[in-house]
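What follows is a short report on a single structure.
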Amino acid sequence: MNQPTGARGRYRDALAVPEFRTLFLSHVLCMLGTIVTQFALTVLVYRQTGSPLLAALVFTVAFVPYLFGGVLLSALVDRVAIRRLLVGCNLATAALAAAMTAPGLPAAVVLALALGMGLVAPVFAGARAAMLPRILDGDVYIAARSLFRLVAQGAQVSGFALGGLLLIVLTPRAALLLNTGAFLVSAALLATGLAARPALSAPGSLSLVGDSLTGLGRIFRLVRLRRVLVFGWAVPALGVAPEALAAPYADLAGFGTAGLGLLMSALPVGTVLGELLCLWFPSPARRLRLIVPLALLMFLPQTLFGLRPGLPLAVTLLVLSGMGLAHHLGLDQLLVDAAPDELLGRALSVQTAGLMFWQGVGFAVAGAAAQFAAPSVVITVTAVLGLALVPFLRPRQEGPGNGAARRGAP
């Protein structure tokens, strides 16, 4: 799909492409299935053991494997035909989810199966990311990436709500079995709705891990690409402090459960609003110039948490902060431009894995810091650190483009 240089892409342009519609519907099913699975597993493990720690580990094993699966297995996006890889990941996830429904399964085995799902997830996410530039180009590709992020934000709210409703009428094991069906439907959609494409490279003499690490080294030797990746990881990792500390902040401020819900939803609402506004109004070239200002916008409102704002102001500040995440639209353009064709799939896989991993680290660090300082202080200090690092880490826009110029992107 070719698009005139400089033209704005719209969501409808991406959805007009049949293969993208298939990929998008699969993404919706997988996101909801994954979140509901995590919810059901948390309940299942807690009911079995009565241990809050073991229940919390369900989420830990969902994030930590992104570092290993997304980095050590990144060569799969080139060595395996992309449709086969996507379908295989869905089938593997369905099999693991089905195995969890076995009665009398010890909590340790359930967590081990969850860890297996966590290892498959970054491979699937990386393959899906690598698939997009093969079916879309120009600013329509940017719109498609934005649409995926909007689904992720919406799934955070609707997925947990759906999980809660399901567990009213179903047992956790029955909910897991239902989600197994969702992954199987996704696999069928991908198998029938995507065109067969050959693998980009043969396995060669290197092992899968060796090939993945070699590709990672090549990616990080490209200065421009490295700066795009590091910036795209660091800003969200530092910006999650209000979300990580929403519960203790709301408790100390006396906001109650309803207030906590508003705080938790404020960042996703701001993110959706920022994505929509930044896709609709600025031109593709303008979005590149907005990367740094939008990243700064993410941290500026958070500095005011040192004043311990009340609920209305705190929610407003977090909505504004979430709008700053729209800087990813410009970063998507820069990454596609900075990555050579032969490294694009792996760069996208590494970007996705790193984003999930470093956000998980950001949650953990903010929580640890709040053991020694008030949540409002931790949020403010982290925001000031972010403001200082954004100009230092800003990605380079100068220099000749690589992949984007050849793919017709602006």
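Starting from 1 in every chain, residues are counted up; chains themselves are A, B, ... following the order of the structure tokens, and ligands are numbered from 1 as listed.
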Do a neighbour search on Val319 in chain A at 12 Å with only C-alpha atoms, toss out local chain neighbours closer than 6 positions, and write the hits as a JSON list (two decimals) with C-alpha atoms, in the first residue's frame.
[["chain", "number", "residue", "atom", "x", "y", "z"],
["A", 242, "PRO", "CA", 2.08, 7.95, 39.31],
["A", 243, "GLU", "CA", 0.44, 4.75, 38.06],
["A", 262, "LEU", "CA", -10.16, 7.69, 38.68],
["A", 263, "LEU", "CA", -6.42, 8.02, 39.25],
["A", 264, "MET", "CA", -5.72, 4.68, 37.56],
["A", 265, "SER", "CA", -7.83, 5.57, 34.53],
["A", 266, "ALA", "CA", -6.49, 9.12, 34.10],
["A", 267, "LEU", "CA", -3.21, 8.20, 32.38],
["A", 268, "PRO", "CA", -4.86, 5.83, 29.86],
["A", 269, "VAL", "CA", -7.52, 8.46, 29.10],
["A", 270, "GLY", "CA", -4.81, 11.07, 28.50],
["A", 271, "THR", "CA", -2.88, 8.63, 26.32],
["A", 272, "VAL", "CA", -5.91, 7.96, 24.11],
["A", 273, "LEU", "CA", -6.67, 11.68, 23.83],
["A", 274, "GLY", "CA", -3.05, 12.53, 22.97],
["A", 297, "LEU", "CA", 4.69, 17.31, 28.75],
["A", 298, "MET", "CA", 4.61, 13.85, 30.27],
["A", 299, "PHE", "CA", 6.78, 14.95, 33.20],
["A", 300, "LEU", "CA", 5.84, 18.60, 33.75],
["A", 301, "PRO", "CA", 2.40, 17.93, 35.33],
["A", 302, "GLN", "CA", 3.89, 15.22, 37.53],
["A", 312, "PRO", "CA", -9.74, 16.75, 40.72],
["A", 313, "LEU", "CA", -6.34, 18.37, 40.18],
["A", 325, "LEU", "CA", 2.87, 9.65, 25.47]]
Give me, as JSON lines, each residue of range 113-230 of chain A that comes within 10 Å of range 337-341 of chain A, together with its shortest interatomic pair and the distance in Å at one decimal, counting only C-alpha atoms, with rows ordered by chain and rising residue number.
{"residue": "A:Ile219", "atom": "CA", "partner": "A:Ala339", "partner_atom": "CA", "distance": 8.0}
{"residue": "A:Leu222", "atom": "CA", "partner": "A:Ala339", "partner_atom": "CA", "distance": 8.4}
{"residue": "A:Val223", "atom": "CA", "partner": "A:Ala338", "partner_atom": "CA", "distance": 9.2}
{"residue": "A:Arg224", "atom": "CA", "partner": "A:Ala338", "partner_atom": "CA", "distance": 6.3}
{"residue": "A:Leu225", "atom": "CA", "partner": "A:Ala338", "partner_atom": "CA", "distance": 5.3}
{"residue": "A:Arg226", "atom": "CA", "partner": "A:Ala338", "partner_atom": "CA", "distance": 9.1}
{"residue": "A:Arg227", "atom": "CA", "partner": "A:Ala338", "partner_atom": "CA", "distance": 9.9}
{"residue": "A:Val228", "atom": "CA", "partner": "A:Ala338", "partner_atom": "CA", "distance": 8.4}
Which residues, written as a ChimeraX atom specification, have at least one atom at most 7 Å from range 17-25 of chain A, with only C-alpha atoms counted and residues fewer than 3 positions away on the same chain left out? /A:14,28-29,189-190,193-194
Restricting it to all heavy atoms, dump the selection as a compact mmCIF listing (two decimals), in the first residue's frame.
# COMPACT_ATOMS: atom_id res chain seq x y z
N ALA A 14 -5.78 2.47 7.51
CA ALA A 14 -5.19 1.20 7.93
C ALA A 14 -6.23 0.09 7.92
O ALA A 14 -5.98 -1.02 7.43
CB ALA A 14 -4.58 1.35 9.32
N VAL A 28 -6.93 -7.54 19.23
CA VAL A 28 -7.98 -7.30 20.22
C VAL A 28 -8.27 -8.57 21.01
O VAL A 28 -8.34 -8.55 22.25
CB VAL A 28 -9.26 -6.79 19.53
CG1 VAL A 28 -10.41 -6.71 20.52
CG2 VAL A 28 -9.02 -5.42 18.90
N LEU A 29 -8.41 -9.69 20.31
CA LEU A 29 -8.70 -10.96 20.99
C LEU A 29 -7.56 -11.34 21.93
O LEU A 29 -7.80 -11.77 23.07
CB LEU A 29 -8.90 -12.06 19.95
CG LEU A 29 -10.23 -12.07 19.19
CD1 LEU A 29 -10.18 -13.08 18.05
CD2 LEU A 29 -11.39 -12.37 20.12
N LEU A 189 -7.90 -16.95 12.54
CA LEU A 189 -7.97 -15.70 11.77
C LEU A 189 -6.67 -15.42 11.04
O LEU A 189 -6.64 -15.07 9.86
CB LEU A 189 -8.31 -14.53 12.71
CG LEU A 189 -9.75 -14.38 13.17
CD1 LEU A 189 -9.83 -13.32 14.26
CD2 LEU A 189 -10.64 -14.00 12.00
N LEU A 190 -5.56 -15.55 11.77
CA LEU A 190 -4.26 -15.26 11.18
C LEU A 190 -3.91 -16.25 10.08
O LEU A 190 -3.33 -15.89 9.04
CB LEU A 190 -3.18 -15.29 12.27
CG LEU A 190 -3.30 -14.20 13.34
CD1 LEU A 190 -2.33 -14.48 14.48
CD2 LEU A 190 -3.01 -12.82 12.74
N GLY A 193 -6.35 -15.21 7.15
CA GLY A 193 -6.45 -13.81 6.72
C GLY A 193 -5.15 -13.16 6.32
O GLY A 193 -5.15 -12.04 5.81
N LEU A 194 -4.02 -13.84 6.56
CA LEU A 194 -2.72 -13.28 6.19
C LEU A 194 -2.14 -14.06 5.02
O LEU A 194 -2.29 -15.29 4.94
CB LEU A 194 -1.74 -13.34 7.37
CG LEU A 194 -2.09 -12.51 8.61
CD1 LEU A 194 -1.01 -12.67 9.67
CD2 LEU A 194 -2.27 -11.03 8.26
Please measure the separation of CA of Leu213 in chain A and CA of Ala75 in chain A, giving the value in Å to one decimal. 8.4 Å
Env of Val378 in chain A: 7 Å cut, atoms = only C-alpha atoms, seq-sep filter 5 positions within chain, self excluded. Answer as JSON, numbers by chain. {"A": [366, 369, 370, 373]}
Restrict the selected residues to N, CA, C and O atoms and save them as a CSV table (one decimal), in the first residue's frame.
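Generated output (selection_26.csv):
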chain,number,residue,atom,x,y,z
A,366,ALA,N,9.8,2.5,41.4
A,366,ALA,CA,8.9,3.5,42.1
A,366,ALA,C,8.4,2.9,43.4
A,366,ALA,O,8.3,3.5,44.4
A,369,ALA,N,11.2,2.8,46.0
A,369,ALA,CA,11.5,4.1,46.5
A,369,ALA,C,10.4,4.6,47.5
A,369,ALA,O,10.7,5.3,48.5
A,370,ALA,N,9.1,4.2,47.3
A,370,ALA,CA,8.0,4.6,48.1
A,370,ALA,C,8.1,3.9,49.5
A,370,ALA,O,7.3,4.3,50.4
A,373,ALA,N,10.2,7.0,51.0
A,373,ALA,CA,9.7,8.3,50.9
A,373,ALA,C,8.2,8.3,50.5
A,373,ALA,O,7.7,7.3,50.0
Which residues are near Phe305 in chain A? Cut-off 8 Å, only C-alpha atoms, ignore same chain within fewer than 4 positions. Put them as an mmCIF file with N, CA and C atoms, in the first residue's frame.
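And here is the file that came out, result.cif:
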data_model
loop_
_atom_site.group_PDB
_atom_site.id
_atom_site.type_symbol
_atom_site.label_atom_id
_atom_site.label_comp_id
_atom_site.auth_asym_id
_atom_site.auth_seq_id
_atom_site.Cartn_x
_atom_site.Cartn_y
_atom_site.Cartn_z
ATOM 1 N N PRO A 301 3.501 17.978 34.358
ATOM 2 C CA PRO A 301 2.396 17.930 35.330
ATOM 3 C C PRO A 301 2.730 17.100 36.564
ATOM 4 N N PRO A 309 -1.682 17.357 45.370
ATOM 5 C CA PRO A 309 -2.968 17.876 44.855
ATOM 6 C C PRO A 309 -4.135 16.993 45.261
ATOM 7 N N ALA A 314 -5.336 16.207 40.690
ATOM 8 C CA ALA A 314 -4.466 15.057 40.415
ATOM 9 C C ALA A 314 -4.907 14.344 39.141
ATOM 10 N N SER A 376 4.121 11.086 46.927
ATOM 11 C CA SER A 376 4.158 12.379 46.242
ATOM 12 C C SER A 376 5.587 12.821 45.980
ATOM 13 N N VAL A 377 6.498 12.531 46.910
ATOM 14 C CA VAL A 377 7.909 12.892 46.734
ATOM 15 C C VAL A 377 8.544 12.054 45.629
ATOM 16 N N ILE A 379 7.080 10.593 43.062
ATOM 17 C CA ILE A 379 6.549 11.020 41.765
ATOM 18 C C ILE A 379 7.230 12.300 41.304
ATOM 19 N N THR A 380 7.390 13.249 42.217
ATOM 20 C CA THR A 380 8.003 14.531 41.857
ATOM 21 C C THR A 380 9.469 14.365 41.482
#
Using only C-alpha atoms: which of A:Leu389, A:Thr101, A:Val140, A:Leu86 has the shortest distance to Ala16 in chain A: A:Val140
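Checking A:Leu296, A:Val120, A:Ala143, A:Val45 one by one against Leu238 in chain A, counting only C-alpha atoms, you find the shortest gap at A:Leu296.
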Which residues are near Arg286 in chain A? Cut-off 12 Å, only C-alpha atoms, ignore same chain within fewer than 2 positions. Put them as a ChimeraX atom specification. /A:6-8,278-284,288-294,327,329-330,333,410
Need to verify the contact set: Cys89 in chain A, 9 Å, only C-alpha atoms, exclusion of same-chain residues closer than 5 positions in sequence. Can you return it as a PyMOL selection string? chain A and resi 84+94+120-121+123-124+187
I need the residues from that last selection saved to file as a PDB file, in the first residue's frame (with C-alpha atoms), if you can.
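Ended up saving to part_18.pdb:
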ATOM      1  CA  ARG A  84       3.587 -19.453  10.694  1.00  0.00           C
ATOM      2  CA  ALA A  94      -3.781 -21.682  23.866  1.00  0.00           C
ATOM      3  CA  VAL A 120       5.730 -16.640  24.046  1.00  0.00           C
ATOM      4  CA  ALA A 121       4.112 -13.183  24.379  1.00  0.00           C
ATOM      5  CA  VAL A 123       7.839 -13.335  20.360  1.00  0.00           C
ATOM      6  CA  PHE A 124       4.240 -12.875  19.200  1.00  0.00           C
ATOM      7  CA  ALA A 187      -4.833 -18.409  15.308  1.00  0.00           C
TER       8      ALA A 187
END
